[in-house]
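**Q** My structure is below; once you've seen it, I'll send some questions.
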Amino acid sequence: MMGDNMDRYNLDNFLEKKEEDPQVDSILDEIKNGNDGNSTEEISSSEENFDVSENDAQKKDNSFNLTDDFFDETEEKSKKAKIKPSKNKNGNNGNKRKAIIIISLVIILIIVGIIAICFGFKNNGNSGNSTSNNAEQGTQVQSDTVLAGAKIDAAQYNYDKAIEAVKAIDGYDNNKELTELVATWENEKANLVEFPCDKVTHVFVHSLIYDTSLAFDGDFSQDGYNLVMTTVSEFNKMMQTMYERGYVLVSMKDICTFDSEGNRVDQTIMLPKDKKAFVLSQDDLCYYHTQDGDGIADKLIIDENGDVKCHYTDDKGNESIGDFDMVPIIDTFVKEHPDFSYHGRKGIIALTGYNGVLGYRTDEVYKTRPADELDPDQEQFLNRTPDFDFDKEVKEATKVADRMKETGWEFASHSWGHVNMTNTDLDRIKVDTEKFLTRVTPIIGQTDCLIYANGGDIAGVEEYDSNNEKYTYLLSKGFHVFCPVDSTIYWQQKGDKYFRMSRRNLDGYRMYHSPELLEDLFNVEEVFDKTRPVPVPDMSHYG
């Protein structure tokens, strides 16, 4: 636009000078008729050396035609003006030079305009190339992300998902690296063998002890911690040894599921022949008030990277975020060793509800504060946190639970009030179950798994049937999977509508009193935390 305005300005000036100078007519005639060879050669040379596209060349021709039209228009005006030539020869030569200079400037401006147009097209082309390059880079990043995810899936024995993802990458058929990778995975998949589901062992822990000096400090809680708890140090060594021995995390849903009618549907676990499947669960991940100050984490949070971590407060009030309990420890371990997880499985978290879940005070009593229901610990907590926001607690707990489910974790009922269902009558079981369903389920989502508190089963080794009122009631509330505690390596019972699976405790009591029962998993002597007080008491000291 600027070039057009400049051309118009110079043409108008030239017209004005033409009317003032009577010699311009003759000058124009000479230039138009090609008498000024030097000027013509310069213009011709510019045309020959100026490399433009076909469209640009057309624009250049149109620009020079504009100059020809200008000559014709100028000559016509000169005739109408009837200006007589000057007899001053020197004046004629000077005016001629001036006219040549002016016209040359006009032509130069036109050429500059054409160049600008050409560069504009070139830049537009480069912009298109840039957009194209950006699109290609975006596609490459997306492909790299898909490939990285597929490699994790393959490492976790989910070859079908990995292969499907890679084959969907643009250009897969012509990419030797990708086709060879898929061929490798197909070969590895072909070498998988079915692992016998009735040989899957199920182990569990409670909340882990991070600082043993605070847990084993000689107070009234020490014996209980020593009996049923596991330290972070012990758990890390357990998982490392089990990994080295070929154990792989699976879910009970990999053993069997239940359809919309509640009927059992058996599943198949496919692993390399040197691998062994196991289920991992954790009880009471609620961070009870009674654990405050005892070297145990106080809640789960989501960090800035989207990972679930523990919030921990030491005895001096200093706060830390890290891997202080089972959930973040397993998350980190699986990131480093993806083949420790079958199809991304992690573990099952068994929750009560009377103190809330995952460290958040989400039970209804924290909102309604009925004097006849609040225990002393709850009252003390509310008194020291006057700005407590119940709705925010529920919201944050739900976010954490949702994130855990996204990353492979599952949830189970541990009863709302940690009820031993062996010794509890049906009416109380009903009240407790309704509290769990209305106060905990909205946060963690639906679960069909009941992990018995204290291992208190509702029957012996006999099968569940319709004569068992507790079973009939729990089944009506959507529970199909039931887990007691046993010391055997594996014990299962499958009914048409239910699945029972016993669990093995990895705690101080089991390690100290019957280490031989854990030899298939790890060497207790190598795992046992030397800061743990010994002798570990027997169960008569607990509760």
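Order determines the names: the first chain of the structure tokens is A, the second B, and so forth; residues in each chain are numbered 1 upward, and ligands are numbered 1 upward as they are shown.
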Taking the chain letters and numbering used in this document, name the residues of region 451-539 of chain A that DSSP puts in strand (DSSP E or B), as a list in words.

**A**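 Those residues are Ile451, Val481, Phe482, Cys483, Val485, Gln492, Gln493, Lys494, Phe499, Arg500, Met501, Arg503, Arg504 and Asn505 of chain A.
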
**Q** So how far away is CA of Val481 (chain A) from CA of Arg500 (chain A), in Å?

**A**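 Going from CA of Arg500 (chain A) over to CA of Val481 (chain A), I get 5.9 Å.
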
**Q** Please return as JSON, numbers by chain: the residues of region 229-454 of chain A that backbone DSSP assigns to helix (DSSP H, G or I).

**A** {"A": [232, 233, 234, 235, 236, 237, 238, 239, 240, 241, 242, 243, 244, 252, 253, 254, 289, 290, 291, 326, 327, 328, 329, 330, 331, 332, 333, 334, 335, 336, 338, 339, 340, 365, 366, 367, 368, 376, 377, 378, 379, 380, 381, 382, 383, 384, 390, 391, 392, 393, 394, 395, 396, 397, 398, 399, 400, 401, 402, 403, 404, 405, 406, 426, 427, 428, 429, 430, 431, 432, 433, 434, 435, 436, 437, 438, 439, 441, 442, 443, 444, 453, 454]}

**Q** Which residues are close to Lys399 (chain A), i.e. within 10 Å by only C-alpha atoms, leaving aside same-chain residues fewer than 4 positions away? Reply as a count of residues only.

**A** 9

**Q** Show which residues sit within 9 Å of Asp529 (chain A), as a PyMOL selection string. Count only C-alpha atoms, and ignore same-chain residues fewer than 3 positions away.

**A** chain A and resi 230-231+233-234+525-526+532

**Q** Please produce a file of the residues just selected, as a PDB file, in the first residue's frame, where the atoms kept are N, CA, C and O atoms.

**A**
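Okay, again.pdb is ready:
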```pdb
ATOM      1  N   THR A 230       3.414 -52.136  59.771  1.00  0.00           N
ATOM      2  CA  THR A 230       4.639 -52.396  59.014  1.00  0.00           C
ATOM      3  C   THR A 230       5.349 -51.059  58.824  1.00  0.00           C
ATOM      4  O   THR A 230       4.694 -50.031  58.632  1.00  0.00           O
ATOM      5  N   THR A 231       6.663 -51.071  58.871  1.00  0.00           N
ATOM      6  CA  THR A 231       7.390 -49.812  58.683  1.00  0.00           C
ATOM      7  C   THR A 231       7.658 -49.571  57.193  1.00  0.00           C
ATOM      8  O   THR A 231       7.622 -50.497  56.371  1.00  0.00           O
ATOM      9  N   SER A 233      10.471 -48.827  55.884  1.00  0.00           N
ATOM     10  CA  SER A 233      11.690 -49.556  55.543  1.00  0.00           C
ATOM     11  C   SER A 233      11.375 -51.013  55.210  1.00  0.00           C
ATOM     12  O   SER A 233      11.872 -51.559  54.208  1.00  0.00           O
ATOM     13  N   GLU A 234      10.570 -51.656  56.034  1.00  0.00           N
ATOM     14  CA  GLU A 234      10.212 -53.058  55.798  1.00  0.00           C
ATOM     15  C   GLU A 234       9.433 -53.226  54.498  1.00  0.00           C
ATOM     16  O   GLU A 234       9.711 -54.144  53.703  1.00  0.00           O
ATOM     17  N   GLU A 525      14.402 -62.155  57.837  1.00  0.00           N
ATOM     18  CA  GLU A 525      15.588 -61.661  58.527  1.00  0.00           C
ATOM     19  C   GLU A 525      16.188 -60.458  57.812  1.00  0.00           C
ATOM     20  O   GLU A 525      16.724 -59.535  58.443  1.00  0.00           O
ATOM     21  N   GLU A 526      16.102 -60.433  56.482  1.00  0.00           N
ATOM     22  CA  GLU A 526      16.639 -59.318  55.702  1.00  0.00           C
ATOM     23  C   GLU A 526      15.712 -58.104  55.716  1.00  0.00           C
ATOM     24  O   GLU A 526      16.156 -56.971  55.497  1.00  0.00           O
ATOM     25  N   ARG A 532      12.391 -51.994  65.472  1.00  0.00           N
ATOM     26  CA  ARG A 532      11.151 -52.542  66.020  1.00  0.00           C
ATOM     27  C   ARG A 532      11.444 -53.199  67.377  1.00  0.00           C
ATOM     28  O   ARG A 532      12.358 -54.036  67.479  1.00  0.00           O
TER      29      ARG A 532
END
```

**Q** Within 9 Å of Val205 (chain A), counting only C-alpha atoms, which residues show up once you throw out same-chain ones fewer than 5 positions away? Write them as a CSV table (one decimal) with N, CA, C and O atoms, in the first residue's frame, please.

**A**
```csv
chain,number,residue,atom,x,y,z
A,228,VAL,N,0.5,-55.0,64.5
A,228,VAL,CA,-0.2,-55.1,63.2
A,228,VAL,C,0.3,-54.1,62.2
A,228,VAL,O,-0.3,-54.0,61.1
A,229,MET,N,1.3,-53.3,62.5
A,229,MET,CA,1.8,-52.4,61.5
A,229,MET,C,3.1,-52.8,60.9
A,229,MET,O,3.8,-53.7,61.4
A,230,THR,N,3.4,-52.1,59.8
A,230,THR,CA,4.6,-52.4,59.0
A,230,THR,C,5.3,-51.1,58.8
A,230,THR,O,4.7,-50.0,58.6
A,235,PHE,N,8.5,-52.3,54.3
A,235,PHE,CA,7.6,-52.5,53.1
A,235,PHE,C,8.5,-52.3,51.8
A,235,PHE,O,8.3,-53.0,50.8
A,280,LEU,N,-2.5,-57.0,46.4
A,280,LEU,CA,-2.0,-56.2,47.5
A,280,LEU,C,-3.1,-55.3,48.0
A,280,LEU,O,-3.8,-54.7,47.2
A,281,SER,N,-3.4,-55.3,49.3
A,281,SER,CA,-4.4,-54.4,49.8
A,281,SER,C,-3.8,-53.7,51.1
A,281,SER,O,-2.8,-54.1,51.7
A,282,GLN,N,-4.5,-52.7,51.5
A,282,GLN,CA,-4.1,-51.9,52.7
A,282,GLN,C,-5.4,-51.6,53.5
A,282,GLN,O,-6.4,-51.1,52.9
A,283,ASP,N,-5.4,-51.8,54.8
A,283,ASP,CA,-6.5,-51.5,55.6
A,283,ASP,C,-6.4,-50.1,56.3
A,283,ASP,O,-5.3,-49.7,56.6
A,326,MET,N,2.0,-46.5,51.6
A,326,MET,CA,2.0,-47.5,50.6
A,326,MET,C,1.6,-46.9,49.2
A,326,MET,O,2.2,-47.3,48.2
A,504,ARG,N,-3.1,-62.4,53.7
A,504,ARG,CA,-2.0,-62.7,54.6
A,504,ARG,C,-1.4,-61.4,55.1
A,504,ARG,O,-1.1,-60.5,54.3
A,505,ASN,N,-1.3,-61.3,56.4
A,505,ASN,CA,-0.8,-60.1,57.0
A,505,ASN,C,0.7,-60.0,57.0
A,505,ASN,O,1.4,-60.9,57.5
A,506,LEU,N,1.3,-58.9,56.5
A,506,LEU,CA,2.7,-58.7,56.5
A,506,LEU,C,3.1,-57.6,57.6
A,506,LEU,O,3.4,-56.5,57.3
A,507,ASP,N,3.0,-58.1,58.8
A,507,ASP,CA,3.1,-57.2,59.9
A,507,ASP,C,4.1,-57.7,61.0
A,507,ASP,O,4.7,-58.8,60.8
```

**Q** Which residues are close to Lys494 (chain A), i.e. within 10 Å by only C-alpha atoms, leaving aside same-chain residues fewer than 5 positions away? Reply as a ChimeraX atom specification.

**A** /A:198,256,264,266,463-464,481,499-501

**Q** In Å to one decimal, how far is CA of Gln493 (chain A) from CA of His418 (chain A)?

**A**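 Atom-to-atom, CA of His418 (chain A) and CA of Gln493 (chain A) are spaced 23.8 Å apart.
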